[in-house]
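So the structure is just underneath, and the comments pick up after that.
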Amino acid sequence: MLKEVVSMYITMLPVILAGILNMICVKQNWFKNHAKPLDRGVKLKDNKRIFGDNKTSLGIITMVLCSIITHVIWGIICKYWSIGTKLNQLYIIYKNEVIYNVIIGALMGLAYMLFELPNSFIKRRLEIPDGKTATGIKGKAFLVIDQIDSLIGVIGVLAVISKISITQYFNYIILGGLTHITANYIMYKLKIRRNL
């Protein structure tokens with residue numbers, strides 16, 4: 001069990017770091033002029049935005065770039081750390097090479113951002129403001145959904161690449177969700193995030 005948890009963290013560490021780096025990047029003032037909402041402010045027939053102001057093209061670009069960078073660096077580290085290569089499930093079928101890590105980084109970064117969009121779409125329909133949490137049952141439901149939406153896509157990429165089992169897929173979602181909550185709490189305390 002411990003070996004499996006260590007393997008999951010070794011495999012997903014680049015995505016975790018990319019998510020944190022992306023959050024830091026999009027909060028910088030020198031990026032603000034380039035942070036255009038994906039929905040361009042368009043409202044649907046219900047007079048509500050499609051995704052809101054927090055889902056931007058800049059966020060997607062920086063997440064993809066951060067994910068490429070972290071995957072490449074982690075791949076280099078794993079090359080010289082035999083346990084890192086042995087336990088990293090990204091290297092079960094394919095070799096740890098720079099071009100492979102660039103492709104995986106791009107796919108995982110893109111999946112991370114794209115799988116957040118349905119959640120944002122639903123939140124706008126339910127009139128939950130950008131970057132805010134709901135109260136009551138909605139709040140509890142979205143607390144869980146907010147932690148796992150991007151993971152569903154990222155672990156989906158892993159499942160296709162490494163052919164992990166359905167049990168492993170859900171184990172990644174659970175561990176990733178708990179890790180996401182912890183990372184969000186730390187970023188909130190460091191004032192990188194506005195709310196939990």
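Ligands are numbered from 1 in the order shown, chains are lettered A, B, ... in the order of the structure tokens, and residues start at 1 in each chain.
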Find the residues near Ser150 (chain A): any atom within 12 Å, counting only C-alpha atoms, skip ones fewer than 5 places away on the same chain, and give them as a ChimeraX atom specification.
-> /A:15-16,19,63,108-120,144-145,155-157,172-173,176-177,180
Would you please give, as a PyMOL selection string, all residues of chain A that DSSP assigns to alpha helix (DSSP H) based on the backbone?
-> chain A and resi 2-27+57-79+82-87+98-114+117-125+136-162+166-189
Would you mind listing what lies within 12 Å of Asn33 (chain A) as a PyMOL selection string, with only C-alpha atoms counted and same-chain residues fewer than 4 positions away left out?
-> chain A and resi 26-29+37+56-58
Serialized selection, N, CA and C atoms, as a short mmCIF file (atom, residue, chain, number, x, y, z; two decimals), in the first residue's frame:
data_model
loop_
_atom_site.label_atom_id
_atom_site.label_comp_id
_atom_site.auth_asym_id
_atom_site.auth_seq_id
_atom_site.Cartn_x
_atom_site.Cartn_y
_atom_site.Cartn_z
N VAL A 26 -0.67 33.14 -12.78
CA VAL A 26 -1.85 33.91 -13.18
C VAL A 26 -2.21 35.00 -12.17
N LYS A 27 -1.65 34.94 -10.97
CA LYS A 27 -1.91 35.98 -9.97
C LYS A 27 -0.97 37.18 -10.10
N GLN A 28 0.07 37.06 -10.93
CA GLN A 28 1.04 38.15 -11.08
C GLN A 28 0.42 39.30 -11.86
N ASN A 29 0.67 40.53 -11.41
CA ASN A 29 0.11 41.71 -12.07
C ASN A 29 0.57 41.87 -13.51
N PRO A 37 -10.92 36.39 -20.51
CA PRO A 37 -11.81 35.24 -20.25
C PRO A 37 -12.05 34.42 -21.52
N THR A 56 -9.43 31.67 -18.12
CA THR A 56 -8.82 32.50 -19.15
C THR A 56 -7.91 31.69 -20.08
N SER A 57 -7.67 32.26 -21.26
CA SER A 57 -6.73 31.62 -22.20
C SER A 57 -5.33 31.63 -21.59
N LEU A 58 -5.01 32.68 -20.84
CA LEU A 58 -3.70 32.75 -20.17
C LEU A 58 -3.54 31.59 -19.20
#
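CA of Phe51 (chain A) lies 5.0 Å from CA of Phe121 (chain A).
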Please provide as an NGL selection string all residues within 8 Å of Gln89 (chain A), with the sequence filter that same-chain residues fewer than 4 positions apart are discarded (counting only C-alpha atoms).
-> :A and (7-8 or 11 or 162)
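For Trp81 (chain A), the set of protein, DNA and RNA residues having any atom at most 12 Å away, when counting only C-alpha atoms and skipping those fewer than 6 positions along the same chain, is Ile10, Trp74, Gly75, Leu87, Asn88 and Asn96 of chain A.
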Between A:Lys48, A:Arg40, A:Lys163, A:His71, single out the one closest to Ile103 (chain A), counting only C-alpha atoms.
-> A:His71
Quick one: distance from CA of Gly139 (chain A) to CA of Glu127 (chain A) in Å, one decimal?
-> 12.3 Å
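Residues of chain A carrying a DSSP assignment of strand (DSSP E or B), computed from the backbone, are Pro37, Lys43, Arg49 and Thr56 of chain A.
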Please save all heavy atoms of the selected residues as a compact mmCIF listing (two decimals), in the first residue's frame.
# COMPACT_ATOMS: atom_id res chain seq x y z
N PRO A 37 -10.92 36.39 -20.51
CA PRO A 37 -11.81 35.24 -20.25
C PRO A 37 -12.05 34.42 -21.52
O PRO A 37 -12.19 34.97 -22.61
CB PRO A 37 -13.11 35.91 -19.79
CG PRO A 37 -12.71 37.26 -19.34
CD PRO A 37 -11.53 37.66 -20.17
N LYS A 43 -22.81 35.97 -22.66
CA LYS A 43 -23.84 35.38 -21.81
C LYS A 43 -24.76 34.52 -22.66
O LYS A 43 -25.00 34.83 -23.83
CB LYS A 43 -24.65 36.48 -21.11
CG LYS A 43 -23.82 37.27 -20.11
CD LYS A 43 -24.67 38.33 -19.42
CE LYS A 43 -23.81 39.09 -18.42
NZ LYS A 43 -24.57 40.12 -17.73
N ARG A 49 -23.05 34.11 -17.62
CA ARG A 49 -21.80 33.86 -18.34
C ARG A 49 -21.61 32.36 -18.58
O ARG A 49 -22.11 31.52 -17.83
CB ARG A 49 -20.62 34.40 -17.54
CG ARG A 49 -20.57 35.90 -17.41
CD ARG A 49 -19.95 36.55 -18.61
NE ARG A 49 -18.56 36.15 -18.77
CZ ARG A 49 -17.55 36.73 -18.13
NH1 ARG A 49 -17.74 37.72 -17.28
NH2 ARG A 49 -16.32 36.31 -18.35
N THR A 56 -9.43 31.67 -18.12
CA THR A 56 -8.82 32.50 -19.15
C THR A 56 -7.91 31.69 -20.08
O THR A 56 -7.43 30.61 -19.71
CB THR A 56 -7.98 33.63 -18.51
OG1 THR A 56 -6.85 33.05 -17.85
CG2 THR A 56 -8.80 34.46 -17.53
